[in-house]
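J.: Next up is a structure, given as structure tokens.
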2 protein chains.
Amino acid sequence: MIRAGMVSSSIAASLRLMLQSVTEPTKPLIRAARRLPVNRTPVWFMRQAGRVLPEYREIKKRYSLLEISAQPELCAQVTLQPLARMPLDAAIVYADIMTPLVGIGVDLDIKPEIGPVIASPIRDRAGVERLRALEPEADVPHLLETLRLVRRELKPDQALIGFAGAPFTLASYLIEGRGTRTFVETKALMYGESGVWHDLMSRLAGNTISYLRAQVDAGAEAVQLFDSWAGALAPNDYAEFVAPYSRQIIDGVRPAGVPIIHFAMGASTYLPQVREAGADVIGIDWHIALDSAWDIVGHDRAVQGNLDPAVLLAPWDRVAERARDVLRRAANRPGHIFNLGHGLHPTIPVANVERLVDFVHEQSAR
Amino acid sequence: MIRAGMVSSSIAASLRLMLQSVTEPTKPLIRAARRLPVNRTPVWFMRQAGRVLPEYREIKKRYSLLEISAQPELCAQVTLQPLARMPLDAAIVYADIMTPLVGIGVDLDIKPEIGPVIASPIRDRAGVERLRALEPEADVPHLLETLRLVRRELKPDQALIGFAGAPFTLASYLIEGRGTRTFVETKALMYGESGVWHDLMSRLAGNTISYLRAQVDAGAEAVQLFDSWAGALAPNDYAEFVAPYSRQIIDGVRPAGVPIIHFAMGASTYLPQVREAGADVIGIDWHIALDSAWDIVGHDRAVQGNLDPAVLLAPWDRVAERARDVLRRAANRPGHIFNLGHGLHPTIPVANVERLVDFVHEQSAR
């Protein structure tokens with residue numbers, strides 16, 4: 001016998017399900033970013049499209065990073081290379097963090113073994129004032145076209161991630177002229193010319209908002225704000241000189257409606273401040289155990305990480321042991337995206353990378 | 001009227017005082033390291049004898065680091081240079097962390113702007129087995145003579161600190177052949193050839209014990225174990241591959257009877273493990289607030305730190321603000337040695353360094 005109450009409750013459930021199928025994401029990576037249940041933990045790797053792949057190294061023999069970026073078909077191919085080999089849950093658009101600076105005309109080169117080298121480092125107000133606002137469709141058309149191309153090629157369960165370097169990281173390159181271990185020029189400007197510093201960060205933050213929103217318009221289903229060098233800072237300096245701009249970017253990108261991943265490398269000692277910047281997903285590097293980190297950022301956020309990429313240089317048993325440890329600490333709670341604590345090193349055997357993707361999927365199946 | 005009990009109690013107190021004057025250290029730095037009350041917080045700086053001083057740069061025009069180290073009179077002069085300018089509470093012997101490796105015949109050079117470069121990096125068992133035991137009097141006589149010379153020149157309240165690079169840091173140079181950002185060769189050996197790794201670390205730890213004990217015999221009143229690159233490791237790797245050797249060294253140096261300072265740079269997320277290694281004083285880098293760090297290492301230990309050296313590039317007001325913040329967090333509790341969170345950068349204005357010494361002494365006077 002069917003009672004009226006049962007019918008109406010089952011109708012409501014059906015309606016809720018229908019509604020969810022409209023509003024709830026289906027791709028595992030996006031579901032995890034929203035802390036929705038998943039059948040298995042989604043996995044992708046920073047620098048998955050890169051020198052760890054022999055087929056990428058072939059392309060790099062003929063083209064530089066910037067040359068690849070300038071050819072959307074080729075760039076889409078490079079972006080998709082790792083997904084052709086492994087059942088990764090996301091593609092991340094192949095680009096350099098300096099792309100939006102190239103777009104507004106900053107004279108720079110990406111040199112092998114060195115990284116970005118800026119022709120005229122910025123150390124004063126005049127230099128900062130020369131940084132104009134980014135107009136994505138005009139300034140980074142190839143990147144946007146790449147995103148459109150890649151999006152069309154993805155399988156239904158694969159997500160497309162856009163990304164941007166965070167203002168502190170970009171500022172450090174602009175000021176130092178290249179990578180640095182000491183950040184002395186960056187910090188000298190930050191402390192000594194705080195007005196210039198805040199102007200620089202504000203311009204970079206504004207451009208990062210336009211840049212990430214344009215990526216979403218072009219098909220990115222999640223975006224990662226990548227602060228490679230945040231770890232150079234003391235907690236109080238991060239709070240004063242950097243965190244406000246992370247927050248500004250996250251607030252500015254929020255209306256685009258996609259999950260925002262915030263990875264501040266080396267920030268394990270000021271995760272509460274990273275949390276406050278407001279991202280949906282907090283990237284965790286390998287300097288802290290994943291469960292400790294998650295306790296600090298709070299279980300109302302998703303986390304991404306955090307295997308030391310160098311573990312992938314080890315024999316498989318060690319890789320499995322350490323990957324299992326990360327998964328054990330995540331404990332299949334909703335909201336874990338498996339990743340490394342930093343990018344893949346070029347010398348990592350690709351076989352270990354492929355095996356790790358399967359291992360994560362199998363071990364986390366629920 | 002004087003009662004018998006009062007007399008005997010006052011005699012006991014006098015005896016205790018006399019005994020204390022024999023057994024209790026009088027130098028502020030040693031007192032702080034033992035968590036005894038001090039009149040003002042002692043201060044010294046990592047790399048205080050170095051390029052921040054114009055008079056050192058003059059000497060460096062004529063002699064390399066290794067050439068200075070080979071001449072005890074000159075090396076003592078360099079060690080004492082900063083104390084001639086500023087009322088520092090300690091001299092730290094001028095040497096390179098590679099000195100004990102040079103002593104046992106490892107072929108290496110210290111190159112300007114690069115640092116140590118090893119002629120034949122060690123990547124296998126045969127390489128490790130070539131590392132022989134250090135015999136300090138025979139292998140590092142100049143360093144020991146420098147310590148004896150410096151000790152004679154110090155004022156009664158100035159302490160002499162000896163130091164050694166920790167095994168992980170030395171191992172990373174030996175394996176990589178030079179400084180590295182990624183530690184991929186080091187970690188590949190650590191994970192892939194764990195037996196070879198442990199043999200290497202064990203040999204380095206044994207040599208470090210002899211090296212530090214010889215420095216104490218030659219006059220060092222405290223020693224610092226300096227693990228510059230510990231921060232490359234995940235907490236569980238530090239526990240498995242490094243911490244046992246830190247503990248072994250600290251246990252081995254303990255009978256020498258001087259305070260042991262343990263500075264593991266970048267270890268803010270695994271300070272509990274650094275604590276367990278057993279040093280009297282835990283060095284804190286600038287990635288964590290001093291009070292938070294002290295709470296983690298425990299108030300039964302002294303702490304040393306932790307101003308970001310780059311703050312000294314700032315206008316004085318900023319330096320004062322940040323130095324005051326460190327002192328406020330230390331709160332004049334017994335057991336704080338003021339220092340930077342890492343070594344002085346060569347470009348720091350020496351006037352700021354001098355002013356900081358006075359500022360710390362004045363602000364911490366009690």
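Going by the structure tokens order, chains are called A, B, ..., each with residues numbered from 1, while ligands are numbered from 1 in the order shown.
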Using only C-alpha atoms, find each residue in region 130-164 of chain B having at least one atom no more than 12 Å away from region 75-92 of chain B; report its shortest atom-to-atom pair and that distance in Å (one decimal), rows by chain then rising number, as CSV.
T.:
residue,atom,partner,partner_atom,distance
B:His142,CA,B:Cys75,CA,8.7
B:Leu143,CA,B:Cys75,CA,8.3
B:Leu144,CA,B:Ala76,CA,10.5
B:Glu145,CA,B:Ala76,CA,8.8
B:Thr146,CA,B:Ala76,CA,5.3
B:Leu147,CA,B:Ala76,CA,7.3
B:Arg148,CA,B:Ala76,CA,8.9
B:Leu149,CA,B:Ala76,CA,6.3
B:Val150,CA,B:Ala76,CA,5.5
B:Arg151,CA,B:Ala91,CA,8.9
B:Arg152,CA,B:Ala76,CA,10.2
B:Glu153,CA,B:Leu80,CA,8.3
B:Leu154,CA,B:Ala91,CA,8.1
B:Lys155,CA,B:Asp89,CA,9.4
B:Pro156,CA,B:Asp89,CA,10.0
B:Asp157,CA,B:Asp89,CA,6.9
B:Gln158,CA,B:Asp89,CA,4.9
B:Ala159,CA,B:Ala90,CA,4.5
B:Leu160,CA,B:Ala91,CA,5.0
B:Ile161,CA,B:Ile92,CA,4.6
B:Gly162,CA,B:Ile92,CA,6.0
B:Phe163,CA,B:Ile92,CA,7.6
B:Ala164,CA,B:Ile92,CA,11.0
J.: Using C-alpha atoms, can you write the selected residues to a file as a PDB file, in the first residue's frame?
T.:
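File written: result.pdb
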ATOM      1  CA  HIS B 142      94.032  25.211  11.221  1.00  0.00           C
ATOM      2  CA  LEU B 143      90.446  25.348  12.370  1.00  0.00           C
ATOM      3  CA  LEU B 144      91.394  24.146  15.842  1.00  0.00           C
ATOM      4  CA  GLU B 145      94.265  26.611  16.029  1.00  0.00           C
ATOM      5  CA  THR B 146      91.883  29.392  14.983  1.00  0.00           C
ATOM      6  CA  LEU B 147      89.550  28.492  17.843  1.00  0.00           C
ATOM      7  CA  ARG B 148      92.459  28.605  20.330  1.00  0.00           C
ATOM      8  CA  LEU B 149      93.562  32.008  19.020  1.00  0.00           C
ATOM      9  CA  VAL B 150      90.071  33.500  19.070  1.00  0.00           C
ATOM     10  CA  ARG B 151      89.279  32.196  22.527  1.00  0.00           C
ATOM     11  CA  ARG B 152      92.251  34.121  23.945  1.00  0.00           C
ATOM     12  CA  GLU B 153      91.049  37.372  22.394  1.00  0.00           C
ATOM     13  CA  LEU B 154      87.463  37.348  23.569  1.00  0.00           C
ATOM     14  CA  LYS B 155      86.174  39.608  26.324  1.00  0.00           C
ATOM     15  CA  PRO B 156      84.948  37.879  29.488  1.00  0.00           C
ATOM     16  CA  ASP B 157      81.299  38.098  28.467  1.00  0.00           C
ATOM     17  CA  GLN B 158      81.763  36.893  24.884  1.00  0.00           C
ATOM     18  CA  ALA B 159      81.322  33.232  24.038  1.00  0.00           C
ATOM     19  CA  LEU B 160      82.989  31.225  21.305  1.00  0.00           C
ATOM     20  CA  ILE B 161      80.727  29.070  19.130  1.00  0.00           C
ATOM     21  CA  GLY B 162      81.977  26.156  17.057  1.00  0.00           C
ATOM     22  CA  PHE B 163      79.835  24.658  14.350  1.00  0.00           C
ATOM     23  CA  ALA B 164      79.344  21.888  11.839  1.00  0.00           C
TER      24      ALA B 164
END
J.: Using DSSP assignments from the backbone, pull out every residue in region 148-346 of chain A that falls under strand (DSSP E) and give it to me as a PyMOL selection string.
T.: chain A and resi 159-165+222-227+260-264+281-283+302-307+336-340
J.: How about saving the chosen residues, N, CA, C and O atoms kept, as a tab-separated table (two decimals), in the first residue's frame?
T.:
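Below is the file that was written, again06.tsv:
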chain	number	residue	atom	x	y	z
A	159	ALA	N	38.25	17.18	-16.33
A	159	ALA	CA	38.03	18.62	-16.14
A	159	ALA	C	39.20	19.42	-16.72
A	159	ALA	O	40.33	18.92	-16.82
A	160	LEU	N	38.92	20.64	-17.09
A	160	LEU	CA	39.96	21.52	-17.61
A	160	LEU	C	40.30	22.60	-16.57
A	160	LEU	O	39.41	23.33	-16.12
A	161	ILE	N	41.57	22.65	-16.22
A	161	ILE	CA	42.02	23.61	-15.21
A	161	ILE	C	42.79	24.75	-15.88
A	161	ILE	O	43.70	24.51	-16.68
A	162	GLY	N	42.40	25.97	-15.57
A	162	GLY	CA	43.20	27.13	-15.97
A	162	GLY	C	44.08	27.52	-14.80
A	162	GLY	O	43.88	27.06	-13.68
A	163	PHE	N	45.06	28.36	-15.04
A	163	PHE	CA	45.89	28.76	-13.89
A	163	PHE	C	46.57	30.09	-14.12
A	163	PHE	O	46.66	30.59	-15.25
A	164	ALA	N	47.04	30.65	-13.02
A	164	ALA	CA	47.81	31.90	-13.06
A	164	ALA	C	48.84	31.88	-11.94
A	164	ALA	O	48.58	31.33	-10.86
A	165	GLY	N	49.99	32.45	-12.20
A	165	GLY	CA	50.96	32.69	-11.14
A	165	GLY	C	50.43	33.80	-10.24
A	165	GLY	O	49.82	34.75	-10.72
A	222	ALA	N	37.90	24.95	-13.60
A	222	ALA	CA	38.48	25.24	-12.28
A	222	ALA	C	39.72	26.08	-12.58
A	222	ALA	O	40.25	26.02	-13.69
A	223	VAL	N	40.16	26.87	-11.62
A	223	VAL	CA	41.40	27.63	-11.84
A	223	VAL	C	42.31	27.47	-10.62
A	223	VAL	O	41.83	27.33	-9.49
A	224	GLN	N	43.59	27.47	-10.90
A	224	GLN	CA	44.57	27.38	-9.80
A	224	GLN	C	45.41	28.65	-9.75
A	224	GLN	O	45.99	29.07	-10.75
A	225	LEU	N	45.45	29.25	-8.58
A	225	LEU	CA	46.32	30.39	-8.32
A	225	LEU	C	47.58	29.82	-7.68
A	225	LEU	O	47.52	29.21	-6.61
A	226	PHE	N	48.71	30.05	-8.33
A	226	PHE	CA	49.93	29.30	-8.04
A	226	PHE	C	50.98	30.27	-7.51
A	226	PHE	O	51.57	31.02	-8.26
A	227	ASP	N	51.23	30.23	-6.19
A	227	ASP	CA	52.20	31.15	-5.60
A	227	ASP	C	53.48	30.37	-5.25
A	227	ASP	O	53.72	30.00	-4.10
A	260	ILE	N	38.05	27.44	-7.10
A	260	ILE	CA	39.36	28.09	-7.13
A	260	ILE	C	40.32	27.32	-6.22
A	260	ILE	O	40.03	27.10	-5.04
A	261	ILE	N	41.43	26.90	-6.81
A	261	ILE	CA	42.48	26.19	-6.07
A	261	ILE	C	43.58	27.20	-5.77
A	261	ILE	O	44.02	27.91	-6.67
A	262	HIS	N	44.02	27.26	-4.54
A	262	HIS	CA	45.07	28.21	-4.16
A	262	HIS	C	46.24	27.42	-3.62
A	262	HIS	O	46.15	26.81	-2.56
A	263	PHE	N	47.34	27.46	-4.35
A	263	PHE	CA	48.51	26.71	-3.91
A	263	PHE	C	49.65	27.68	-3.62
A	263	PHE	O	50.25	28.25	-4.52
A	264	ALA	N	49.91	27.88	-2.35
A	264	ALA	CA	51.03	28.74	-1.94
A	264	ALA	C	52.13	27.81	-1.43
A	264	ALA	O	52.08	27.31	-0.31
A	281	VAL	N	39.71	25.25	-2.68
A	281	VAL	CA	40.66	24.14	-2.52
A	281	VAL	C	42.00	24.74	-2.12
A	281	VAL	O	42.49	25.65	-2.77
A	282	ILE	N	42.60	24.21	-1.06
A	282	ILE	CA	43.91	24.68	-0.64
A	282	ILE	C	44.95	23.63	-1.04
A	282	ILE	O	44.86	22.47	-0.62
A	283	GLY	N	45.92	24.06	-1.85
A	283	GLY	CA	47.01	23.16	-2.23
A	283	GLY	C	47.99	23.04	-1.07
A	283	GLY	O	48.30	24.04	-0.42
A	302	ALA	N	38.22	22.03	0.62
A	302	ALA	CA	38.88	20.89	-0.01
A	302	ALA	C	40.39	21.10	0.02
A	302	ALA	O	40.85	22.24	0.18
A	303	VAL	N	41.13	20.01	-0.10
A	303	VAL	CA	42.60	20.11	-0.14
A	303	VAL	C	43.12	19.34	-1.35
A	303	VAL	O	42.50	18.40	-1.83
A	304	GLN	N	44.29	19.77	-1.80
A	304	GLN	CA	44.93	19.13	-2.94
A	304	GLN	C	46.38	18.85	-2.58
A	304	GLN	O	47.09	19.73	-2.09
A	305	GLY	N	46.82	17.62	-2.80
A	305	GLY	CA	48.21	17.30	-2.53
A	305	GLY	C	48.39	15.86	-2.13
A	305	GLY	O	47.48	15.06	-2.29
A	306	ASN	N	49.51	15.55	-1.51
A	306	ASN	CA	50.66	16.36	-1.25
A	306	ASN	C	51.93	15.54	-1.26
A	306	ASN	O	52.85	15.78	-0.49
A	307	LEU	N	51.99	14.55	-2.17
A	307	LEU	CA	53.17	13.67	-2.25
A	307	LEU	C	54.40	14.45	-2.73
A	307	LEU	O	54.33	15.19	-3.71
A	336	HIS	N	39.12	15.72	-1.30
A	336	HIS	CA	40.56	15.54	-1.54
A	336	HIS	C	40.83	15.32	-3.02
A	336	HIS	O	40.26	14.43	-3.65
A	337	ILE	N	41.71	16.16	-3.56
A	337	ILE	CA	42.23	15.97	-4.91
A	337	ILE	C	43.67	15.51	-4.75
A	337	ILE	O	44.49	16.22	-4.16
A	338	PHE	N	43.98	14.32	-5.26
A	338	PHE	CA	45.35	13.84	-5.14
A	338	PHE	C	46.24	14.60	-6.13
A	338	PHE	O	45.90	14.79	-7.29
A	339	ASN	N	47.41	15.01	-5.62
A	339	ASN	CA	48.38	15.69	-6.47
A	339	ASN	C	49.72	15.56	-5.76
A	339	ASN	O	49.81	14.96	-4.67
A	340	LEU	N	50.73	16.13	-6.35
A	340	LEU	CA	52.04	16.18	-5.71
A	340	LEU	C	52.12	17.45	-4.87
A	340	LEU	O	51.27	18.34	-4.98
J.: Counting only C-alpha atoms, which residues of chain A come no farther than 9 Å from chain B, as a ChimeraX atom specification?
T.: /A:181-185,187-193,231-236,266-270,285-289,307-308,310-315,318,345,347-348
J.: Return as a VMD selection string the full set of residues in region 290-359 of chain B whose backbone-based DSSP assignment is helix (DSSP H, G or I).
T.: chain B and resid 290 to 297 309 to 313 316 to 330 350 to 359
J.: Which of these, B:Gly219, B:Gly252, B:Pro116, B:Pro136, has the shortest distance to Gly179 (chain B) once you count only C-alpha atoms?
T.: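 Checking each candidate against Gly179 (chain B), we get B:Pro116 as the closest.
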J.: I'd like the contact shell of Arg34 (chain B) - 10 Å cut-off, only C-alpha atoms, skipping same-chain residues fewer than 3 positions apart - returned as a list in words.
T.: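 So, after excluding close chain neighbours, the residues are Glu24, Pro25, Pro28, Leu29, Ile30, Arg31, Pro37, Val258, Pro259, Ile260, Asp280, Val281, Asp300, Arg301, Ala302, Pro334, Gly335 and His336 of chain B.
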J.: Leu344 (chain A): which residues within 10 Å, counting only C-alpha atoms, same-chain residues fewer than 5 positions away excluded, as a list in words?
T.: Phe45, Met46, Arg47, Gln48, Ala49, Gly50, Arg51, Val52, Asp308, Pro309, Ala310, Leu312, Val350 and Val353 of chain A
J.: Output the selection as an mmCIF file, in the first residue's frame - N, CA, C and O atoms for each residue.
T.:
data_model
loop_
_atom_site.group_PDB
_atom_site.id
_atom_site.type_symbol
_atom_site.label_atom_id
_atom_site.label_comp_id
_atom_site.auth_asym_id
_atom_site.auth_seq_id
_atom_site.Cartn_x
_atom_site.Cartn_y
_atom_site.Cartn_z
ATOM 1 N N PHE A 45 48.528 16.058 -11.865
ATOM 2 C CA PHE A 45 49.857 16.410 -11.374
ATOM 3 C C PHE A 45 50.286 17.771 -11.896
ATOM 4 O O PHE A 45 50.149 18.058 -13.090
ATOM 5 N N MET A 46 50.846 18.580 -11.020
ATOM 6 C CA MET A 46 51.459 19.807 -11.505
ATOM 7 C C MET A 46 52.619 19.435 -12.426
ATOM 8 O O MET A 46 53.360 18.505 -12.135
ATOM 9 N N ARG A 47 52.723 20.143 -13.545
ATOM 10 C CA ARG A 47 53.697 19.853 -14.616
ATOM 11 C C ARG A 47 53.499 18.490 -15.274
ATOM 12 O O ARG A 47 54.454 17.891 -15.769
ATOM 13 N N GLN A 48 52.238 18.014 -15.302
ATOM 14 C CA GLN A 48 51.988 16.737 -15.982
ATOM 15 C C GLN A 48 52.229 16.851 -17.487
ATOM 16 O O GLN A 48 52.624 15.874 -18.116
ATOM 17 N N ALA A 49 51.965 18.026 -18.057
ATOM 18 C CA ALA A 49 52.314 18.272 -19.458
ATOM 19 C C ALA A 49 53.708 18.885 -19.445
ATOM 20 O O ALA A 49 53.865 20.082 -19.228
ATOM 21 N N GLY A 50 54.716 18.040 -19.648
ATOM 22 C CA GLY A 50 56.066 18.577 -19.540
ATOM 23 C C GLY A 50 57.110 17.506 -19.749
ATOM 24 O O GLY A 50 56.820 16.428 -20.288
ATOM 25 N N ARG A 51 58.317 17.818 -19.296
ATOM 26 C CA ARG A 51 59.478 17.026 -19.682
ATOM 27 C C ARG A 51 59.505 15.598 -19.151
ATOM 28 O O ARG A 51 60.343 14.799 -19.557
ATOM 29 N N VAL A 52 58.579 15.270 -18.264
ATOM 30 C CA VAL A 52 58.508 13.892 -17.803
ATOM 31 C C VAL A 52 58.057 12.966 -18.952
ATOM 32 O O VAL A 52 58.314 11.766 -18.917
ATOM 33 N N ASP A 308 55.526 14.278 -2.028
ATOM 34 C CA ASP A 308 56.786 14.859 -2.502
ATOM 35 C C ASP A 308 57.087 14.299 -3.893
ATOM 36 O O ASP A 308 57.224 13.091 -4.065
ATOM 37 N N PRO A 309 57.186 15.168 -4.920
ATOM 38 C CA PRO A 309 57.425 14.634 -6.273
ATOM 39 C C PRO A 309 58.678 13.765 -6.345
ATOM 40 O O PRO A 309 58.730 12.826 -7.144
ATOM 41 N N ALA A 310 59.666 14.042 -5.506
ATOM 42 C CA ALA A 310 60.902 13.258 -5.550
ATOM 43 C C ALA A 310 60.681 11.802 -5.170
ATOM 44 O O ALA A 310 61.489 10.937 -5.526
ATOM 45 N N LEU A 312 58.693 9.957 -6.517
ATOM 46 C CA LEU A 312 58.510 9.250 -7.787
ATOM 47 C C LEU A 312 59.837 8.835 -8.431
ATOM 48 O O LEU A 312 59.859 8.136 -9.437
ATOM 49 N N VAL A 350 58.442 8.022 -16.279
ATOM 50 C CA VAL A 350 57.019 8.203 -16.584
ATOM 51 C C VAL A 350 56.220 6.961 -16.171
ATOM 52 O O VAL A 350 55.034 7.069 -15.821
ATOM 53 N N VAL A 353 54.795 7.466 -12.866
ATOM 54 C CA VAL A 353 53.696 8.433 -12.883
ATOM 55 C C VAL A 353 52.405 7.740 -13.324
ATOM 56 O O VAL A 353 51.346 7.891 -12.693
#
J.: With distances taken over only C-alpha atoms, which residue among B:Gly278, B:Pro42, B:Pro167, B:Pro72 lies nearest Asp199 (chain B)?
T.: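 Smallest distance to Asp199 (chain B) is found for B:Pro167.
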J.: Near region 110-113 of chain A, within 12 Å and counting only C-alpha atoms, which residues show up once chain neighbours fewer than 2 positions away are dropped, as a PyMOL selection string?
T.: (chain A and resi 51+60-61+63-67+69+95-99+102+107-108+115-119+173+177-179+346) or (chain B and resi 181)
